[in-house]
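**Q** mmCIF, C-alpha atoms, file model-v4.cif:
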```
data_final
loop_
_atom_site.label_atom_id
_atom_site.label_comp_id
_atom_site.auth_asym_id
_atom_site.auth_seq_id
_atom_site.Cartn_x
_atom_site.Cartn_y
_atom_site.Cartn_z
CA ALA R 1 114.07 102.14 95.35
CA GLN R 2 115.01 98.52 94.97
CA SER R 3 116.23 96.44 92.08
CA VAL R 4 116.85 92.75 91.49
CA THR R 5 119.24 91.21 89.00
CA GLN R 6 119.08 87.57 88.07
CA LEU R 7 122.43 86.86 86.53
CA ASP R 8 121.40 84.02 84.23
CA SER R 9 118.43 84.19 81.87
CA GLN R 10 118.62 80.46 81.10
CA VAL R 11 120.19 77.55 82.96
CA PRO R 12 120.25 74.12 81.31
CA VAL R 13 121.15 71.19 83.54
CA PHE R 14 120.95 67.42 83.46
CA GLU R 15 118.64 65.49 85.74
CA GLU R 16 120.10 64.68 89.19
CA ALA R 17 122.79 67.35 88.81
CA PRO R 18 123.04 70.24 91.28
CA VAL R 19 121.92 73.71 90.27
CA GLU R 20 122.40 77.28 91.46
CA LEU R 21 120.30 80.20 90.26
CA ARG R 22 121.91 83.52 91.08
CA CYS R 23 120.21 86.64 92.38
CA ASN R 24 121.65 89.98 93.45
CA TYR R 25 119.64 92.86 94.82
CA SER R 26 120.06 96.53 95.55
CA SER R 27 118.24 98.41 98.27
CA SER R 28 118.84 101.34 100.59
CA VAL R 29 116.76 99.71 103.34
CA SER R 30 116.64 96.26 104.83
CA VAL R 31 114.62 93.80 102.82
CA TYR R 32 112.67 90.61 102.73
CA LEU R 33 113.78 88.23 99.98
CA PHE R 34 111.80 85.65 98.05
CA TRP R 35 112.06 83.03 95.35
CA TYR R 36 109.01 82.17 93.28
CA VAL R 37 108.49 79.49 90.62
CA GLN R 38 106.21 79.86 87.63
CA TYR R 39 105.09 76.95 85.46
CA PRO R 40 103.80 77.69 81.94
CA ASN R 41 100.52 79.62 81.88
CA GLN R 42 100.28 79.63 85.64
CA GLY R 43 100.69 82.12 88.46
CA LEU R 44 103.64 82.29 90.80
CA GLN R 45 104.20 79.86 93.66
CA LEU R 46 106.33 80.78 96.65
CA LEU R 47 109.39 78.52 97.00
CA LEU R 48 110.98 80.14 100.04
CA LYS R 49 111.52 83.42 101.79
CA TYR R 50 114.05 85.14 104.01
CA LEU R 51 112.63 87.52 106.62
CA SER R 52 115.24 87.41 109.39
CA GLY R 53 117.32 85.00 111.42
CA SER R 54 119.29 82.15 109.89
CA THR R 55 120.74 83.10 106.54
CA LEU R 56 120.15 79.61 105.12
CA VAL R 57 116.53 79.19 104.21
CA LYS R 58 114.91 75.93 103.19
CA GLY R 59 111.87 75.82 100.97
CA ILE R 60 109.59 73.44 99.18
CA ASN R 61 110.64 70.79 96.67
CA GLY R 62 114.15 70.50 98.15
CA PHE R 63 115.23 74.06 97.29
CA GLU R 64 117.27 76.25 99.62
CA ALA R 65 118.74 79.72 99.43
CA GLU R 66 121.39 81.63 101.31
CA PHE R 67 121.15 85.30 102.18
CA ASN R 68 124.49 87.09 101.97
CA LYS R 69 124.14 90.65 103.19
CA SER R 70 127.69 91.73 102.39
CA GLN R 71 127.36 90.54 98.80
CA THR R 72 123.67 91.50 98.56
CA SER R 73 122.91 88.10 97.13
CA PHE R 74 120.23 85.46 97.60
CA HIS R 75 121.19 82.50 95.43
CA LEU R 76 118.85 79.53 95.04
CA ARG R 77 120.26 76.00 95.12
CA LYS R 78 119.12 72.43 94.78
CA PRO R 79 121.51 69.49 95.19
CA SER R 80 119.74 67.21 92.69
CA VAL R 81 117.17 68.42 90.17
CA HIS R 82 114.29 66.55 88.56
CA ILE R 83 112.61 66.93 85.21
CA SER R 84 109.63 68.40 87.04
CA ASP R 85 111.77 71.34 88.21
CA THR R 86 111.75 72.71 84.67
CA ALA R 87 110.12 76.14 85.06
CA GLU R 88 110.90 79.83 85.33
CA TYR R 89 112.22 81.09 88.65
CA PHE R 90 111.93 84.64 89.95
CA CYS R 91 113.83 86.34 92.73
CA ALA R 92 112.00 89.20 94.46
CA VAL R 93 112.52 91.73 97.22
CA SER R 94 110.22 93.73 99.44
CA ASP R 95 111.36 96.37 101.84
CA ASN R 96 110.57 95.62 105.48
CA ALA R 97 110.75 99.16 106.68
CA GLY R 98 107.01 99.31 107.28
CA GLY R 99 105.27 102.58 106.73
CA THR R 100 104.18 103.00 103.13
CA SER R 101 105.95 99.95 101.74
CA TYR R 102 102.65 98.07 101.55
CA GLY R 103 104.55 94.86 100.90
CA LYS R 104 104.89 95.32 97.16
CA LEU R 105 107.43 93.09 95.45
CA THR R 106 110.17 94.02 93.00
CA PHE R 107 111.02 91.06 90.78
CA GLY R 108 114.04 90.08 88.77
CA GLN R 109 113.80 89.23 85.09
CA GLY R 110 113.54 85.51 85.71
CA THR R 111 115.72 82.46 85.06
CA ILE R 112 114.43 79.63 82.93
CA LEU R 113 115.63 76.32 84.36
CA THR R 114 115.53 73.46 81.89
CA VAL R 115 116.27 69.99 83.22
CA HIS R 116 117.32 67.48 80.57
CA PRO R 117 117.06 63.70 80.97
CA ASP S 1 89.65 78.24 100.60
CA THR S 2 90.06 77.95 96.85
CA GLY S 3 92.95 80.37 96.51
CA VAL S 4 93.00 83.51 94.39
CA SER S 5 90.72 83.28 91.38
CA GLN S 6 91.07 85.34 88.22
CA ASP S 7 88.63 85.60 85.36
CA PRO S 8 88.92 85.29 82.43
CA ARG S 9 92.06 83.20 81.97
CA HIS S 10 92.54 84.46 78.44
CA LYS S 11 91.22 87.51 76.61
CA ILE S 12 91.78 88.47 72.99
CA THR S 13 90.61 91.93 72.05
CA LYS S 14 90.93 94.35 69.19
CA ARG S 15 92.97 97.49 69.63
CA GLY S 16 90.83 100.30 70.94
CA GLN S 17 88.37 98.10 72.80
CA ASN S 18 87.85 98.18 76.57
CA VAL S 19 88.48 95.12 78.72
CA THR S 20 87.79 94.28 82.35
CA PHE S 21 89.39 91.59 84.47
CA ARG S 22 88.18 90.25 87.80
CA CYS S 23 90.11 88.98 90.81
CA ASP S 24 88.60 87.16 93.79
CA PRO S 25 91.16 87.05 96.62
CA ILE S 26 91.32 84.63 99.53
CA SER S 27 88.38 85.67 101.68
CA GLU S 28 90.27 86.59 104.84
CA HIS S 29 92.99 88.53 103.01
CA ASN S 30 92.56 92.29 103.25
CA ARG S 31 95.49 93.21 100.97
CA LEU S 32 95.18 92.87 97.19
CA TYR S 33 97.78 93.58 94.52
CA TRP S 34 97.78 93.75 90.74
CA TYR S 35 100.92 93.03 88.72
CA ARG S 36 101.63 92.98 85.00
CA GLN S 37 104.03 90.50 83.41
CA THR S 38 105.20 90.96 79.85
CA LEU S 39 106.92 88.22 77.87
CA GLY S 40 110.38 87.45 79.18
CA GLN S 41 110.11 89.77 82.15
CA GLY S 42 109.31 89.50 85.82
CA PRO S 43 106.02 90.83 87.16
CA GLU S 44 105.79 94.59 87.68
CA PHE S 45 103.69 96.18 90.41
CA LEU S 46 100.60 98.06 89.23
CA THR S 47 98.45 98.85 92.23
CA TYR S 48 97.59 97.92 95.82
CA PHE S 49 94.39 97.85 97.85
CA GLN S 50 93.98 97.56 101.58
CA ASN S 51 90.34 96.63 102.04
CA GLU S 52 88.49 98.95 99.64
CA ALA S 53 91.09 101.73 99.67
CA GLN S 54 93.50 101.99 96.74
CA LEU S 55 96.66 103.09 98.56
CA GLU S 56 99.28 102.99 95.84
CA LYS S 57 99.43 103.14 92.07
CA SER S 58 102.49 102.62 89.91
CA ARG S 59 103.37 105.14 87.24
CA LEU S 60 102.90 102.19 84.86
CA LEU S 61 99.17 102.58 85.49
CA SER S 62 98.29 105.19 82.88
CA ASP S 63 94.98 107.03 82.86
CA ARG S 64 93.59 104.29 80.60
CA PHE S 65 93.82 101.88 83.52
CA SER S 66 91.47 101.87 86.49
CA ALA S 67 91.13 99.44 89.35
CA GLU S 68 88.45 99.09 91.97
CA ARG S 69 87.76 96.96 94.99
CA PRO S 70 84.22 97.70 96.11
CA LYS S 71 83.41 96.57 99.64
CA GLY S 72 86.93 95.25 100.04
CA SER S 73 86.17 91.92 98.43
CA PHE S 74 86.76 91.20 94.73
CA SER S 75 88.66 93.62 92.52
CA THR S 76 88.38 94.65 88.89
CA LEU S 77 91.02 96.03 86.57
CA GLU S 78 89.75 97.87 83.50
CA ILE S 79 91.80 98.94 80.52
CA GLN S 80 90.21 101.46 78.19
CA ARG S 81 91.20 101.94 74.54
CA THR S 82 93.56 98.99 74.58
CA GLU S 83 96.88 99.20 72.76
CA GLN S 84 99.13 96.43 71.52
CA GLY S 85 101.58 97.29 74.29
CA ASP S 86 98.96 96.26 76.83
CA SER S 87 99.38 92.63 75.78
CA ALA S 88 100.61 90.87 78.92
CA MET S 89 99.71 88.55 81.75
CA TYR S 90 97.84 90.40 84.50
CA LEU S 91 98.38 88.80 87.89
CA CYS S 92 96.42 89.35 91.06
CA ALA S 93 97.72 88.47 94.51
CA SER S 94 96.37 88.74 98.02
CA SER S 95 97.85 88.62 101.50
CA SER S 96 96.86 89.07 105.09
CA VAL S 97 98.04 91.96 107.23
CA GLY S 98 101.81 92.21 106.92
CA GLY S 99 102.03 92.04 103.17
CA ALA S 100 104.83 90.31 101.37
CA GLY S 101 106.54 89.16 104.54
CA TYR S 102 103.62 86.90 105.29
CA GLY S 103 103.63 85.58 101.75
CA TYR S 104 101.45 86.43 98.83
CA THR S 105 99.08 84.03 97.13
CA PHE S 106 98.99 84.65 93.39
CA GLY S 107 96.17 83.83 91.04
CA SER S 108 96.79 82.07 87.73
CA GLY S 109 96.55 85.34 85.84
CA THR S 110 94.62 86.72 82.89
CA ARG S 111 96.53 86.68 79.62
CA LEU S 112 95.53 89.63 77.44
CA THR S 113 96.31 89.69 73.73
CA VAL S 114 95.55 92.90 71.84
CA VAL S 115 95.36 92.41 68.08
#
```
Represent the structure from my file as structure tokens, please.
**A**
Amino acid sequence: AQSVTQLDSQVPVFEEAPVELRCNYSSSVSVYLFWYVQYPNQGLQLLLKYLSGSTLVKGINGFEAEFNKSQTSFHLRKPSVHISDTAEYFCAVSDNAGGTSYGKLTFGQGTILTVHP
Amino acid sequence: DTGVSQDPRHKITKRGQNVTFRCDPISEHNRLYWYRQTLGQGPEFLTYFQNEAQLEKSRLLSDRFSAERPKGSFSTLEIQRTEQGDSAMYLCASSSVGGAGYGYTFGSGTRLTVV
């Protein structure tokens, strides 16, 4: 079984400031890791994913995340946020052990990022 | 390719009524997933189809819930005898072979309100 903990339910930040959204996961098998963004009344859009290789992953809209296996973390960062980044962000894991995993995702509780002018 | 389409976008129903939602995945995607998202929470897995076969169901999917994917194309999710606790956003997603590692495409969801 896997679990995901997003350490902050809400993160307020001023425009052009840097931001970090924290995510820790627990799994007994190796995993794929994802960050999704959800705008009000919409579905989820993939920001970035870690499957293997370089632990620093770059995604859309200037976001990046770093996989830290020893700390079981996958924190999302952006060096300078915009008003349009205001949304809810979800961290998710999927086991990559094949077999009966079927690629289902386990999500964290979400972090609401609010960017103030 | 118009993405994953869900219908309706919003549904208000009285407690005890039956409701059915539809999901049209991306045409070449053979994997289809249903998730439920309640207010303030992340999405929770409900069920998974590979082509027309329903290969996994979460324990969240009580016997009042049923999902189908006839002919491996669109899928329907039916809730019988709705309860107020069923109020949520129901999300559909599809992917090609390889599942989450290849990236899901989510639909915009159906928001169900049970009054």
**Q** May I have the residues of chain R within 8 Å of chain S, counting only C-alpha atoms, written as a list in words?
**A**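 So the residues of chain R near chain S are Tyr32, Asn41, Gln42, Gly43, Leu44, Gln45, Leu46, Leu51, Phe90, Ser94, Asn96, Tyr102, Gly103, Lys104, Leu105, Thr106, Phe107, Gly108, Gln109 and Gly110 of chain R.
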**Q** Can you measure atom CA of Val31 of chain R to atom CA of Pro18 of chain R for me? One decimal in Å is fine.
**A**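 Calculated distance between atom CA of Val31 of chain R and atom CA of Pro18 of chain R is 27.6 Å.
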**Q** Carefully work through the PyMOL selection byres ((chain R and resi 11) around 7) for this structure and note down the residues it includes, as a PyMOL selection string.
**A** chain R and resi 8-10+12-13+111-114
**Q** Write the residues of the preceding selection, restricted to C-alpha atoms, as an mmCIF file, keeping the file's coordinate frame.
**A**
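The result, written out as selection-v4.cif:
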```cif
data_model
loop_
_atom_site.group_PDB
_atom_site.id
_atom_site.type_symbol
_atom_site.label_atom_id
_atom_site.label_comp_id
_atom_site.auth_asym_id
_atom_site.auth_seq_id
_atom_site.Cartn_x
_atom_site.Cartn_y
_atom_site.Cartn_z
ATOM 1 C CA ASP R 8 121.400 84.020 84.230
ATOM 2 C CA SER R 9 118.430 84.190 81.870
ATOM 3 C CA GLN R 10 118.620 80.460 81.100
ATOM 4 C CA PRO R 12 120.250 74.120 81.310
ATOM 5 C CA VAL R 13 121.150 71.190 83.540
ATOM 6 C CA THR R 111 115.720 82.460 85.060
ATOM 7 C CA ILE R 112 114.430 79.630 82.930
ATOM 8 C CA LEU R 113 115.630 76.320 84.360
ATOM 9 C CA THR R 114 115.530 73.460 81.890
#
```
**Q** Any idea what the distance is between atom CA of Ser27 of chain S and atom CA of Glu78 of chain S?
**A**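 Atom CA of Glu78 of chain S lies 21.9 Å from atom CA of Ser27 of chain S.
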**Q** With the file shown as input, list the residues that the PyMOL selection byres ((chain S and resi 77) around 8) selects, as a list in words.
**A** Thr20, Phe21, Arg22, Phe65, Ser66, Ala67, Glu68, Ser75, Thr76, Glu78 and Ile79 of chain S
**Q** I'd like the contact shell of segment 79-85 of chain R - 9 Å cut-off, only C-alpha atoms, skipping same-chain residues fewer than 6 positions apart - returned as a PyMOL selection string.
**A** chain R and resi 13-20+61-63+113-117
**Q** Mind pulling up the distance from atom CA of Ile60 of chain R to atom CA of Phe74 of chain S?
**A**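 Atom CA of Ile60 of chain R lies at a distance of 29.3 Å from atom CA of Phe74 of chain S.
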**Q** Taking into account all atoms listed in the file, which residue in the set S:Gln54, S:Ser5, S:Arg36, S:Arg15 is nearest to Glu83 of chain S?
**A**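 Under the stated criterion, the closest residue is S:Arg15.
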**Q** Name the residues that the PyMOL selection byres ((chain R and resi 73) around 10) pulls out of this structure, and write them as a ChimeraX atom specification.
**A** /R:4-6,22-26,33,65-72,74-76
**Q** Convert the current residue selection to file output with C-alpha atoms, as a short mmCIF file (atom, residue, chain, number, x, y, z; two decimals), in the coordinates of the input.
**A**
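part.cif, written as the output of this step:
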```cif
data_model
loop_
_atom_site.label_atom_id
_atom_site.label_comp_id
_atom_site.auth_asym_id
_atom_site.auth_seq_id
_atom_site.Cartn_x
_atom_site.Cartn_y
_atom_site.Cartn_z
CA VAL R 4 116.85 92.75 91.49
CA THR R 5 119.24 91.21 89.00
CA GLN R 6 119.08 87.57 88.07
CA ARG R 22 121.91 83.52 91.08
CA CYS R 23 120.21 86.64 92.38
CA ASN R 24 121.65 89.98 93.45
CA TYR R 25 119.64 92.86 94.82
CA SER R 26 120.06 96.53 95.55
CA LEU R 33 113.78 88.23 99.98
CA ALA R 65 118.74 79.72 99.43
CA GLU R 66 121.39 81.63 101.31
CA PHE R 67 121.15 85.30 102.18
CA ASN R 68 124.49 87.09 101.97
CA LYS R 69 124.14 90.65 103.19
CA SER R 70 127.69 91.73 102.39
CA GLN R 71 127.36 90.54 98.80
CA THR R 72 123.67 91.50 98.56
CA PHE R 74 120.23 85.46 97.60
CA HIS R 75 121.19 82.50 95.43
CA LEU R 76 118.85 79.53 95.04
#
```
**Q** Between S:Gln84, S:Ser58, S:Asn18, S:Ser96, single out the one closest to Thr113 of chain S, counting all atoms listed in the file.
**A**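 For Thr113 of chain S, the nearest of the candidates is S:Gln84.
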